[in-house]
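Here's the structure, in structure tokens; my notes come after.
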Protein chains: 4
Amino acid sequence: MKVGVVGASGYTGSELLRILALHPEVDVVAASSRRYEGMEIWKQHRFLKGFYSDLKFCYPDLKYFEECDVVFTAVPHGEAMEYVPQFLDVGIKVVDLSADYRLDRVTYERVYGKKHKDYREAVYGLTELHRDEIKNANLVANPGCYPTCTVLAVAPLAKMELIESVVFDCKSGITGAGEKPTSFTHYPTLHESVNPYKVIEHRHYYEMVQELTRFQGDIKISFTPQVFPGSRGILTTAHVFLSGELSKREIEAIYNDFYSECYFIRLQDEVGLNQVRGSNFCDIAIYPTSERVVVVAAIDNLVKGASGQAVQNMNVMMGLDETLGLNVPPLYP
Amino acid sequence: MKVGVVGASGYTGSELLRILALHPEVDVVAASSRRYEGMEIWKQHRFLKGFYSDLKFCYPDLKYFEECDVVFTAVPHGEAMEYVPQFLDVGIKVVDLSADYRLDRVTYERVYGKKHKDYREAVYGLTELHRDEIKNANLVANPGCYPTCTVLAVAPLAKMELIESVVFDCKSGITGAGEKPTSFTHYPTLHESVNPYKVIEHRHYYEMVQELTRFQGDIKISFTPQVFPGSRGILTTAHVFLSGELSKREIEAIYNDFYSECYFIRLQDEVGLNQVRGSNFCDIAIYPTSERVVVVAAIDNLVKGASGQAVQNMNVMMGLDETLGLNVPPLYP
Amino acid sequence: MKVGVVGASGYTGSELLRILALHPEVDVVAASSRRYEGMEIWKQHRFLKGFYSDLKFCYPDLKYFEECDVVFTAVPHGEAMEYVPQFLDVGIKVVDLSADYRLDRVTYERVYGKKHKDYREAVYGLTELHRDEIKNANLVANPGCYPTCTVLAVAPLAKMELIESVVFDCKSGITGAGEKPTSFTHYPTLHESVNPYKVIEHRHYYEMVQELTRFQGDIKISFTPQVFPGSRGILTTAHVFLSGELSKREIEAIYNDFYSECYFIRLQDEVGLNQVRGSNFCDIAIYPTSERVVVVAAIDNLVKGASGQAVQNMNVMMGLDETLGLNVPPLYP
Amino acid sequence: MKVGVVGASGYTGSELLRILALHPEVDVVAASSRRYEGMEIWKQHRFLKGFYSDLKFCYPDLKYFEECDVVFTAVPHGEAMEYVPQFLDVGIKVVDLSADYRLDRVTYERVYGKKHKDYREAVYGLTELHRDEIKNANLVANPGCYPTCTVLAVAPLAKMELIESVVFDCKSGITGAGEKPTSFTHYPTLHESVNPYKVIEHRHYYEMVQELTRFQGDIKISFTPQVFPGSRGILTTAHVFLSGELSKREIEAIYNDFYSECYFIRLQDEVGLNQVRGSNFCDIAIYPTSERVVVVAAIDNLVKGASGQAVQNMNVMMGLDETLGLNVPPLYP
């Protein structure tokens with residue numbers, strides 16, 4: 001299977017290359033970067049020395065990707081819509097890691113503040129929720145990292161229409177902010193700190209609403225993101241207020257049932273980010289009280305929250321085993 | 001003024017010594033540690049070399065503290081009640097950093113699972129809320145670190161009886177767990193992780209209830225603690241659901257009014273733990289939406305969350321300027 | 001191929017399980033832990049949930065390992081010598097990760113301060129230096145983490161007998177100290193610190209001497225270890241004073257030649273620990289001056305410095321491709 | 001005493017403000033920043049809210065500094081030489097934190113690659129070595145952070161002309177790289193890594209040579225800097241090869257004698273960066289062998305390595321007690 005990566009110099013791009021290096025059915029034949037065009041991949045991504053030895057960054061031009069079966073677009077939102085139609089037009093399947101195809105047109109244009117130049121239907125690539133649609137999709141909109149972690153945390157309860165309101169308090173590693181240095185990602189800004197940002201207005205909120213209201217229309221969702229001192233990981237603490245009281249056993253039964261076919265969801269007694277690092281797993285622990293249920297979910301933001309899920313979606317689109325190339329234990333500790 | 005510290009080998013003990021070294025009116029005349037009895041202070045606390053050069057750890061026996069005006073008891077809960085009555089009986093004022101005198105007897109015995117051997121009235125030492133009582137107190141029960149940060153975050157709203165429910169999602173540095181090595185405090189356990197613990201059952205919850213229901217009886221309080229990779233700091237994200245909608249301006253007016261006499265409360269546009277580290281400040285930022293108000297509050301858990309507030313309380317008890325010895329800028333970055 | 005792990009509850013043990021989960025030719029049939037005997041592996045190592053689902057910790061008794069082709073002994077020094085002869089006697093090959101078989105008897109007994117109960121010849125498992133002997137070995141003594149990184153850093157220069165003296169200044173992640181909590185591994189001890197330890201007297205020194213003097217008898221070696229705030233990784237800064245002046249080009253030629261058959265050695269322009277994390281690579285960069293050559297080498301202490309190299313040695317012993325199961329890119333960033 | 005700070009928006013500038021807030025004899029009357037001209041200090045440096053409430057950043061124009069007794073110039077090298085002569089000409093004493101006046105003209109112009117526009121004699125402000133000259137100086141060139149730590153580590157041995165060669169292997173917090181975000185200071189670049197840089201060619205080397213050869217002309221000095229994951233601190237591991245063998249007792253006597261009048265030098269049994277953080281102390285531990293002496297020295301790079309030493313120099317210049325405003329315990333842990 002021939003695969004291309006548009007935007008291979010950023011973190012989600014290099015993470016795709018890292019993951020695909022282990023994929024038994026994939027041959028990466030093109031990886032683009034305008035900035036590093038012509039340079040060997042490993043000269044920019046030194047950690048990849050020994051891999052992709054013959055591959056150089058190409059310009060993101062269709063001609064370099066023509067033989068691909070699938071292309072991943074790992075570019076900023078607003079840019080993906082420039083590339084995606086070109087690939088689809090020549091019959092190449094696309095997994096887009098940007099936000100460009102995740103929302104309906106009206107919401108997208110309001111939230112991202114720009115006209116959509118290529119609005120079209122795409123399947124929202126939260127694999128565990130949309131597997132059957134993904135099988136037949138030509139374009140999958142890979143979810144944001146926060147929506148992945150938060151929606152997976154409470155989807156089983158939403159499907160049973162049990163939720164009155166939920167507060168998602170999320171803690172993310174700083175790689176979610178990308179590889180461009182800013183004062184926000186400056187080492188001393190984050191060292192021994194926890195920094196809230198976009199406290200009441202993060203764009204990923206709208207993906208959560210879209211996905212959870214598919215199950216239950218009247219959920220009241222609150223979301224606050226924060227960065228913690230680490231590169232990788234999102235921990236979601238979901239404070240869920242239910243419409244009725246349920247025992248721990250009942251709740252666990254609901255989760256086990258909902259995720260019975262989902263290899264990458266692991267119900268655990270306790271979760272911590274270091275027990276999912278580097279893997280495509282989403283670990284979930286449940287703590288019920290008489291007043292609320294606390295659901296804690298953990299993912300690696302660059303794997304299940306981005307490039308790993310993108311590969312998972314590719315596997316499903318291409319009729320492969322969903323876990324192919326992804327069945328790797330976390331790097332602990 | 002002569003001061004003693006019972007339990008000077010742990011983190012709150014050494015932090016008291018650090019802070020008191022800068023206090024212009026204080027002379028530390030006794031510091032006890034059963035484990036290090038007879039050893040020079042700085043040989044155990046190497047960072048203090050050059051300070052307290054003539055002071056050795058004594059046994060925690062009353063006779064070594066008899067000339068003290070104030071004693072700080074920085075020992076585990078259950079132990080403080082052994083010492084406190086001895087000091088009070090001979091007219092020494094006490095600031096107790098343990099949990100032994102913070103709660104009413106029934107709650108204490110239930111939550112801490114033991115009979116109270118010395119139940120008596122004490123003033124709860126959240127200075128900003130109980131300043132006038134502290135002035136006349138002989139025994140101040142210094143608050144827990146989480147109650148300090150969470151109660152300060154929302155007290156102004158509670159006083160106006162505006163809160164329907166509040167979720168406190170707290171992130172703490174690991175020094176809150178003390179200086180004894182455990183698997184929880186083991187470096188690799190916390191590195192690049194965020195670890196929830198006592199997710200729905202932390203003892204500090206009862207202090208929050210006690211203090212906030214003084215203002216408003218019907219608040220629904222939820223609390224979940226987590227540790228982040230750092231030594232110092234507590235960041236509280238308070239998700240507050242109000243009974244009515246208020247503008248940012250109105251809320252800020254409420255806070256400014258409530259804290260108008262409180263030097264150590266700083267309303268900020270943004271907060272991060274590194275902007276309070278090493279100081280007695282509690283920084284607060286407010287983010288209102290139509291659905292909830294997010295209040296973010298940050299303290300150094302060892303200063304405003306423990307030893308700094310203890311010194312602040314001592315200042316008030318002794319009729320000194322509340323800020324004496326504490327008016328130190330944070331260590332940024 | 002059937003494989004066993006004695007001592008599977010510590011960091012090197014769980015790292016073996018992590019790595020072997022990816023090995024296409026290996027079936028782990030026994031993993032022992034006295035402390036967790038009878039418990040499912042993943043209940044202790046939660047990050048492994050979904051792997052080894054049917055495997056429980058066994059008691060470290062020969063009978064559970066009898067069908068193994070190879071056993072890894074990942075127990076403290078002094079203990080390995082209790083197990084190793086039992087396995088060898090029944091024809092099971094052993095890779096021992098302890099120090100018990102790395103040194104000659106006299107040196108061992110002096111440095112480790114105890115009688116050796118099972119002294120015998122073993123091949124020192126620094127794969128790049130002893131590959132041919134390992135092919136025929138029944139017992140491989142897997143090297144210490146520091147010797148692996150330091151010896152690989154300068155072996156090519158030693159082989160050419162070019163070194164007058166070398167100072168190895170090493171910075172290690174804290175997992176090297178094991179999974180047992182101590183004041184040394186306590187989170188606040190290491191946070192934002194760099195802590196030298198055993199500054200002039202670390203036991204690994206003798207392995208460095210043994211290996212480097214095989215090439216050049218008169219090298220003067222100095223070694224100082226330090227821990228930095230991180231879980232994984234050893235960075236060696238080798239300050240090498242040569243007997244003559246060489247150009248960068250000449251030195252690189254020496255390294256390229258020496259390591260021409262070594263997949264896991266990567267000469268780089270720059271090295272950092274995050275470009276080898278989670279992988280079996282040893283990255284090396286060379287900075288020559290007229291006075292000294294600085295060679296910087298980086299490994300993951302748990303992979304190339306322990307369990308990864310152990311699997312590499314197993315591959316060689318069993319006639320497999322050396323890289324099998326280990327050809328995984330580092331986890332960056 | 002009236003004091004000004006030119007360049008108050010960077011890390012050394014804000015650190016000066018932090019330290020001077022505690023100085024009993026100092027009134028900061030002017031603090032400049034071209035970028036933030038007209039803004040309140042605390043709006044840029046939020047951690048300083050409550051301090052300098054009436055002070056706004058001014059333009060770096062002489063007229064705002066005319067009433068100053070002392071001015072600190074905390075601007076990049078090459079810029080300081082624009083300001084310093086203006087202040088000196090009107091009789092204002094200057095402590096310059098840039099590199100502009102540290103070296104002789106020839107060395108400066110070669111190392112920094114530019115013509116010096118204002119070459120003049122200045123006293124090198126390593127206080128412990130030049131205290132008497134500083135007393136009478138109008139211009140003090142505050143040392144670099146690495147030279148401060150390395151020279152203090154071995155000066156006593158150099159004075160006795162005991163050193164044959166020394167390797168300085170230094171580990172610095174990232175604040176030494178300044179507050180401007182770059183790929184080098186990007187959080188993910190440093191997280192769980194140790195990154196060597198300017199391995200054989202750092203400019204601070206020439207200050208070490210200048211200062212140590214004052215004592216002993218023929219010392220062979222090697223220097224390699226690295227950053228570790230932390231904001232503050234420099235740990236120097238000095239590997240010293242002596243011309244003769246000395247006992248630990250003899251070496252300690254040499255150090256005690258050399259530093260007998262130096263409050264900020266503390267000989268310790270062990271050092272770690274967290275036992276000097278936030279303070280002006282330089283902690284030193286000595287480990288002799290028959291082959292070399294390892295001297296480990298630790299400072300806070302922003303305090304003793306920059307702004308703290310600058311204040312110490314100001315105290316000496318103005319005839320004040322050297323420790324005034326600086327006699328603060330480190331922030332541990």
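As shown in the structure tokens, the chain order sets the letters A, B, ...; within each chain, residues go from 1, and ligands are also counted from 1 in the order they appear.
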
Every residue of stretch 81-161 of chain A that DSSP places in alpha helix (DSSP H), as a PyMOL selection string:
chain A and resi 81-89+105-112+127-135+145-159

Restricted to N, CA and C atoms, what would the selected residues look like written as a short mmCIF file (atom, residue, chain, number, x, y, z; two decimals), in the first residue's frame?
```cif
data_model
loop_
_atom_site.label_atom_id
_atom_site.label_comp_id
_atom_site.auth_asym_id
_atom_site.auth_seq_id
_atom_site.Cartn_x
_atom_site.Cartn_y
_atom_site.Cartn_z
N MET A 81 -7.90 22.28 3.08
CA MET A 81 -8.93 22.37 2.03
C MET A 81 -8.35 22.72 0.66
N GLU A 82 -7.09 23.15 0.63
CA GLU A 82 -6.42 23.37 -0.65
C GLU A 82 -5.98 22.05 -1.28
N TYR A 83 -5.59 21.11 -0.45
CA TYR A 83 -5.02 19.86 -0.95
C TYR A 83 -6.05 18.75 -1.12
N VAL A 84 -6.96 18.66 -0.18
CA VAL A 84 -7.85 17.49 -0.12
C VAL A 84 -8.60 17.24 -1.43
N PRO A 85 -9.24 18.26 -2.02
CA PRO A 85 -10.00 17.98 -3.25
C PRO A 85 -9.13 17.46 -4.39
N GLN A 86 -7.89 17.92 -4.45
CA GLN A 86 -6.99 17.43 -5.50
C GLN A 86 -6.80 15.93 -5.41
N PHE A 87 -6.61 15.43 -4.19
CA PHE A 87 -6.38 14.00 -4.02
C PHE A 87 -7.66 13.21 -4.30
N LEU A 88 -8.75 13.69 -3.74
CA LEU A 88 -10.02 12.98 -3.93
C LEU A 88 -10.36 12.90 -5.42
N ASP A 89 -10.08 13.98 -6.14
CA ASP A 89 -10.44 14.02 -7.55
C ASP A 89 -9.75 12.94 -8.38
N ARG A 105 -20.68 23.14 7.81
CA ARG A 105 -20.16 24.35 7.21
C ARG A 105 -20.41 25.60 8.09
N VAL A 106 -21.63 25.73 8.56
CA VAL A 106 -21.96 26.94 9.34
C VAL A 106 -21.09 27.03 10.59
N THR A 107 -21.02 25.92 11.31
CA THR A 107 -20.21 25.94 12.53
C THR A 107 -18.75 26.21 12.20
N TYR A 108 -18.25 25.51 11.18
CA TYR A 108 -16.85 25.71 10.81
C TYR A 108 -16.55 27.17 10.52
N GLU A 109 -17.38 27.77 9.70
CA GLU A 109 -17.08 29.14 9.27
C GLU A 109 -17.17 30.12 10.42
N ARG A 110 -18.08 29.86 11.35
CA ARG A 110 -18.18 30.73 12.52
C ARG A 110 -16.99 30.53 13.45
N VAL A 111 -16.67 29.27 13.73
CA VAL A 111 -15.64 29.00 14.73
C VAL A 111 -14.24 29.33 14.21
N TYR A 112 -14.00 29.02 12.94
CA TYR A 112 -12.66 29.25 12.40
C TYR A 112 -12.55 30.58 11.66
N THR A 127 -12.74 6.65 15.52
CA THR A 127 -12.93 5.32 14.98
C THR A 127 -13.95 4.50 15.75
N GLU A 128 -13.86 4.54 17.07
CA GLU A 128 -14.73 3.71 17.90
C GLU A 128 -16.21 4.06 17.71
N LEU A 129 -16.49 5.27 17.26
CA LEU A 129 -17.88 5.70 17.11
C LEU A 129 -18.38 5.60 15.67
N HIS A 130 -17.47 5.61 14.70
CA HIS A 130 -17.90 5.71 13.31
C HIS A 130 -17.25 4.66 12.42
N ARG A 131 -16.95 3.53 12.99
CA ARG A 131 -16.17 2.53 12.25
C ARG A 131 -16.83 2.13 10.93
N ASP A 132 -18.12 1.89 10.97
CA ASP A 132 -18.79 1.40 9.77
C ASP A 132 -18.80 2.43 8.65
N GLU A 133 -19.00 3.69 9.01
CA GLU A 133 -18.96 4.74 7.98
C GLU A 133 -17.55 4.90 7.41
N ILE A 134 -16.56 4.75 8.30
CA ILE A 134 -15.17 4.93 7.85
C ILE A 134 -14.80 3.89 6.81
N LYS A 135 -15.35 2.68 6.99
CA LYS A 135 -15.04 1.60 6.04
C LYS A 135 -15.30 2.01 4.61
N CYS A 145 -7.56 16.39 19.29
CA CYS A 145 -7.06 15.58 20.40
C CYS A 145 -8.01 15.65 21.60
N TYR A 146 -8.47 16.84 21.95
CA TYR A 146 -9.39 16.97 23.09
C TYR A 146 -10.72 16.25 22.83
N PRO A 147 -11.35 16.46 21.67
CA PRO A 147 -12.60 15.72 21.41
C PRO A 147 -12.41 14.21 21.49
N THR A 148 -11.29 13.70 20.98
CA THR A 148 -11.06 12.26 21.07
C THR A 148 -11.14 11.80 22.50
N CYS A 149 -10.40 12.46 23.36
CA CYS A 149 -10.28 12.00 24.75
C CYS A 149 -11.57 12.23 25.52
N THR A 150 -12.20 13.38 25.32
CA THR A 150 -13.40 13.68 26.11
C THR A 150 -14.60 12.87 25.64
N VAL A 151 -14.77 12.76 24.34
CA VAL A 151 -15.95 12.03 23.84
C VAL A 151 -15.84 10.56 24.21
N LEU A 152 -14.64 9.98 24.05
CA LEU A 152 -14.49 8.58 24.44
C LEU A 152 -14.78 8.39 25.93
N ALA A 153 -14.46 9.41 26.73
CA ALA A 153 -14.65 9.28 28.18
C ALA A 153 -16.11 9.11 28.56
N VAL A 154 -17.03 9.75 27.82
CA VAL A 154 -18.43 9.73 28.28
C VAL A 154 -19.43 9.22 27.26
N ALA A 155 -18.98 8.86 26.07
CA ALA A 155 -19.92 8.41 25.03
C ALA A 155 -20.85 7.29 25.51
N PRO A 156 -20.35 6.30 26.27
CA PRO A 156 -21.27 5.23 26.70
C PRO A 156 -22.43 5.76 27.55
N LEU A 157 -22.14 6.74 28.39
CA LEU A 157 -23.20 7.31 29.22
C LEU A 157 -24.15 8.16 28.38
N ALA A 158 -23.58 8.86 27.39
CA ALA A 158 -24.43 9.67 26.52
C ALA A 158 -25.36 8.79 25.69
N LYS A 159 -24.82 7.68 25.23
CA LYS A 159 -25.65 6.81 24.41
C LYS A 159 -26.86 6.30 25.20
#
```

Residues of chain C within 10 Å of chain B: nearest atom pair and distance (Å, one decimal) for each, counting only C-alpha atoms, sorted by chain and number, as a tab-separated table?
```
residue	atom	partner	partner_atom	distance
C:Gly173	CA	B:Pro188	CA	9.1
C:Ile174	CA	B:Pro188	CA	7.2
C:Thr175	CA	B:Pro188	CA	6.6
C:Gly178	CA	B:Pro188	CA	9.5
C:Glu179	CA	B:His186	CA	7.9
C:Lys180	CA	B:Ser183	CA	7.4
C:Pro181	CA	B:Thr182	CA	5.4
C:Thr182	CA	B:Pro181	CA	5.4
C:Ser183	CA	B:Pro181	CA	5.8
C:Phe184	CA	B:Pro181	CA	8.7
C:Thr185	CA	B:Tyr187	CA	5.6
C:His186	CA	B:His186	CA	5.0
C:Tyr187	CA	B:Tyr187	CA	4.3
C:Pro188	CA	B:Ser231	CA	5.4
C:Thr189	CA	B:Tyr187	CA	8.7
C:Leu190	CA	B:Tyr187	CA	7.6
C:His191	CA	B:Ser231	CA	6.7
C:Glu192	CA	B:Gly230	CA	8.6
C:Pro229	CA	B:His191	CA	8.4
C:Gly230	CA	B:His191	CA	6.8
C:Ser231	CA	B:Pro188	CA	5.4
C:Arg232	CA	B:Pro188	CA	8.8
```

Can you spit out the residues from that selection as a short mmCIF file (atom, residue, chain, number, x, y, z; two decimals), in the first residue's frame, using N, CA and C atoms?
```cif
data_model
loop_
_atom_site.label_atom_id
_atom_site.label_comp_id
_atom_site.auth_asym_id
_atom_site.auth_seq_id
_atom_site.Cartn_x
_atom_site.Cartn_y
_atom_site.Cartn_z
N GLY C 173 18.86 9.30 33.46
CA GLY C 173 17.51 9.32 33.99
C GLY C 173 17.45 8.48 35.26
N ILE C 174 16.42 8.70 36.06
CA ILE C 174 16.36 8.12 37.40
C ILE C 174 15.90 6.67 37.40
N THR C 175 15.37 6.17 36.28
CA THR C 175 14.95 4.76 36.29
C THR C 175 16.14 3.83 36.53
N GLY C 178 16.16 2.08 39.75
CA GLY C 178 15.19 1.04 40.07
C GLY C 178 13.83 1.56 40.51
N GLU C 179 12.94 0.61 40.76
CA GLU C 179 11.55 0.99 41.04
C GLU C 179 11.27 1.10 42.53
N LYS C 180 12.27 0.92 43.36
CA LYS C 180 12.05 1.03 44.80
C LYS C 180 12.19 2.48 45.24
N PRO C 181 11.16 3.04 45.87
CA PRO C 181 11.24 4.45 46.28
C PRO C 181 12.28 4.67 47.37
N THR C 182 13.10 5.67 47.17
CA THR C 182 14.09 6.07 48.18
C THR C 182 14.13 7.60 48.19
N SER C 183 14.89 8.14 49.13
CA SER C 183 14.99 9.61 49.14
C SER C 183 15.71 10.10 47.88
N PHE C 184 16.55 9.27 47.30
CA PHE C 184 17.26 9.64 46.07
C PHE C 184 16.31 9.72 44.88
N THR C 185 15.30 8.85 44.85
CA THR C 185 14.36 8.82 43.72
C THR C 185 13.07 9.59 44.01
N HIS C 186 12.99 10.19 45.17
CA HIS C 186 11.82 10.97 45.58
C HIS C 186 11.67 12.16 44.63
N TYR C 187 10.46 12.38 44.13
CA TYR C 187 10.29 13.40 43.09
C TYR C 187 10.92 14.75 43.44
N PRO C 188 10.63 15.31 44.63
CA PRO C 188 11.18 16.64 44.91
C PRO C 188 12.71 16.68 44.99
N THR C 189 13.33 15.55 45.21
CA THR C 189 14.80 15.52 45.26
C THR C 189 15.41 15.83 43.90
N LEU C 190 14.74 15.44 42.85
CA LEU C 190 15.34 15.53 41.52
C LEU C 190 14.76 16.67 40.69
N HIS C 191 13.55 17.08 41.02
CA HIS C 191 12.90 18.14 40.24
C HIS C 191 13.79 19.37 40.12
N GLU C 192 13.96 19.85 38.91
CA GLU C 192 14.79 21.02 38.60
C GLU C 192 16.17 20.96 39.27
N PRO C 229 16.64 15.42 35.67
CA PRO C 229 15.20 15.23 35.84
C PRO C 229 14.53 14.58 34.63
N GLY C 230 14.50 13.28 34.63
CA GLY C 230 13.89 12.53 33.55
C GLY C 230 13.88 11.06 33.95
N SER C 231 13.03 10.29 33.30
CA SER C 231 12.96 8.88 33.63
C SER C 231 14.00 8.07 32.88
N ARG C 232 14.12 8.35 31.59
CA ARG C 232 14.95 7.51 30.72
C ARG C 232 16.09 8.30 30.10
#
```

Which residues, written as JSON, numbers by chain, have at least one atom at most 12 Å from C:Gln44, with only C-alpha atoms counted and residues fewer than 6 positions away on the same chain left out?
{"A": [268, 269, 270, 275], "C": [8, 9, 10, 11, 13, 14, 33, 35, 36, 37, 38, 55, 56, 57]}

Those of stretch 125-317 of chain B in DSSP strand (DSSP E), formatted as a ChimeraX atom specification:
/B:139-141,163-172,195-196,220-227,234-242,265-267,282-288,293-299

Selection near C:Thr236, 7 Å with only C-alpha atoms, sequence-local residues under 5 positions removed, as a PyMOL selection string
chain C and resi 149-150+168-171+296-298

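Coordinates place atom CA of A:Val294 at a distance of 8.7 Å from atom CA of A:Phe241.
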
Distance query C:Gly233 at most 7 Å, only C-alpha atoms, self and fewer than 2 positions along chain excluded, as a PyMOL selection string:
chain C and resi 172-173+235+273+277+299-301

Mind dumping the selected residues with N, CA and C atoms as an mmCIF file, in the first residue's frame?
```cif
data_model
loop_
_atom_site.group_PDB
_atom_site.id
_atom_site.type_symbol
_atom_site.label_atom_id
_atom_site.label_comp_id
_atom_site.auth_asym_id
_atom_site.auth_seq_id
_atom_site.Cartn_x
_atom_site.Cartn_y
_atom_site.Cartn_z
ATOM 1 N N SER C 172 22.194 10.594 33.799
ATOM 2 C CA SER C 172 21.260 9.485 33.642
ATOM 3 C C SER C 172 19.872 9.864 34.108
ATOM 4 N N GLY C 173 18.856 9.296 33.460
ATOM 5 C CA GLY C 173 17.510 9.316 33.994
ATOM 6 C C GLY C 173 17.453 8.479 35.263
ATOM 7 N N LEU C 235 23.117 10.328 28.838
ATOM 8 C CA LEU C 235 23.955 11.118 27.952
ATOM 9 C C LEU C 235 25.363 11.071 28.506
ATOM 10 N N LEU C 273 18.896 13.352 24.250
ATOM 11 C CA LEU C 273 18.280 12.107 24.729
ATOM 12 C C LEU C 273 16.935 11.846 24.084
ATOM 13 N N ARG C 277 15.009 8.047 22.753
ATOM 14 C CA ARG C 277 14.090 7.532 23.780
ATOM 15 C C ARG C 277 13.225 6.379 23.269
ATOM 16 N N ILE C 299 21.938 7.096 24.859
ATOM 17 C CA ILE C 299 21.149 5.873 24.769
ATOM 18 C C ILE C 299 19.915 6.011 25.656
ATOM 19 N N ASP C 300 18.946 5.145 25.457
ATOM 20 C CA ASP C 300 17.896 4.949 26.448
ATOM 21 C C ASP C 300 18.438 3.906 27.423
ATOM 22 N N ASN C 301 18.568 4.285 28.682
ATOM 23 C CA ASN C 301 19.210 3.390 29.654
ATOM 24 C C ASN C 301 18.454 2.079 29.844
#
```

Gap from atom CA of A:Glu250 to atom CA of A:Gln216 - Å, one decimal
19.0 Å

Can you pull out every residue within 12 Å of D:Tyr52, counting only C-alpha atoms, but drop anything in the same chain fewer than 5 positions away, and send it as a VMD selection string?
(chain B and resid 329) or (chain D and resid 14 17 to 18 20 to 22 27 to 31 40 to 43 45 to 47 57)
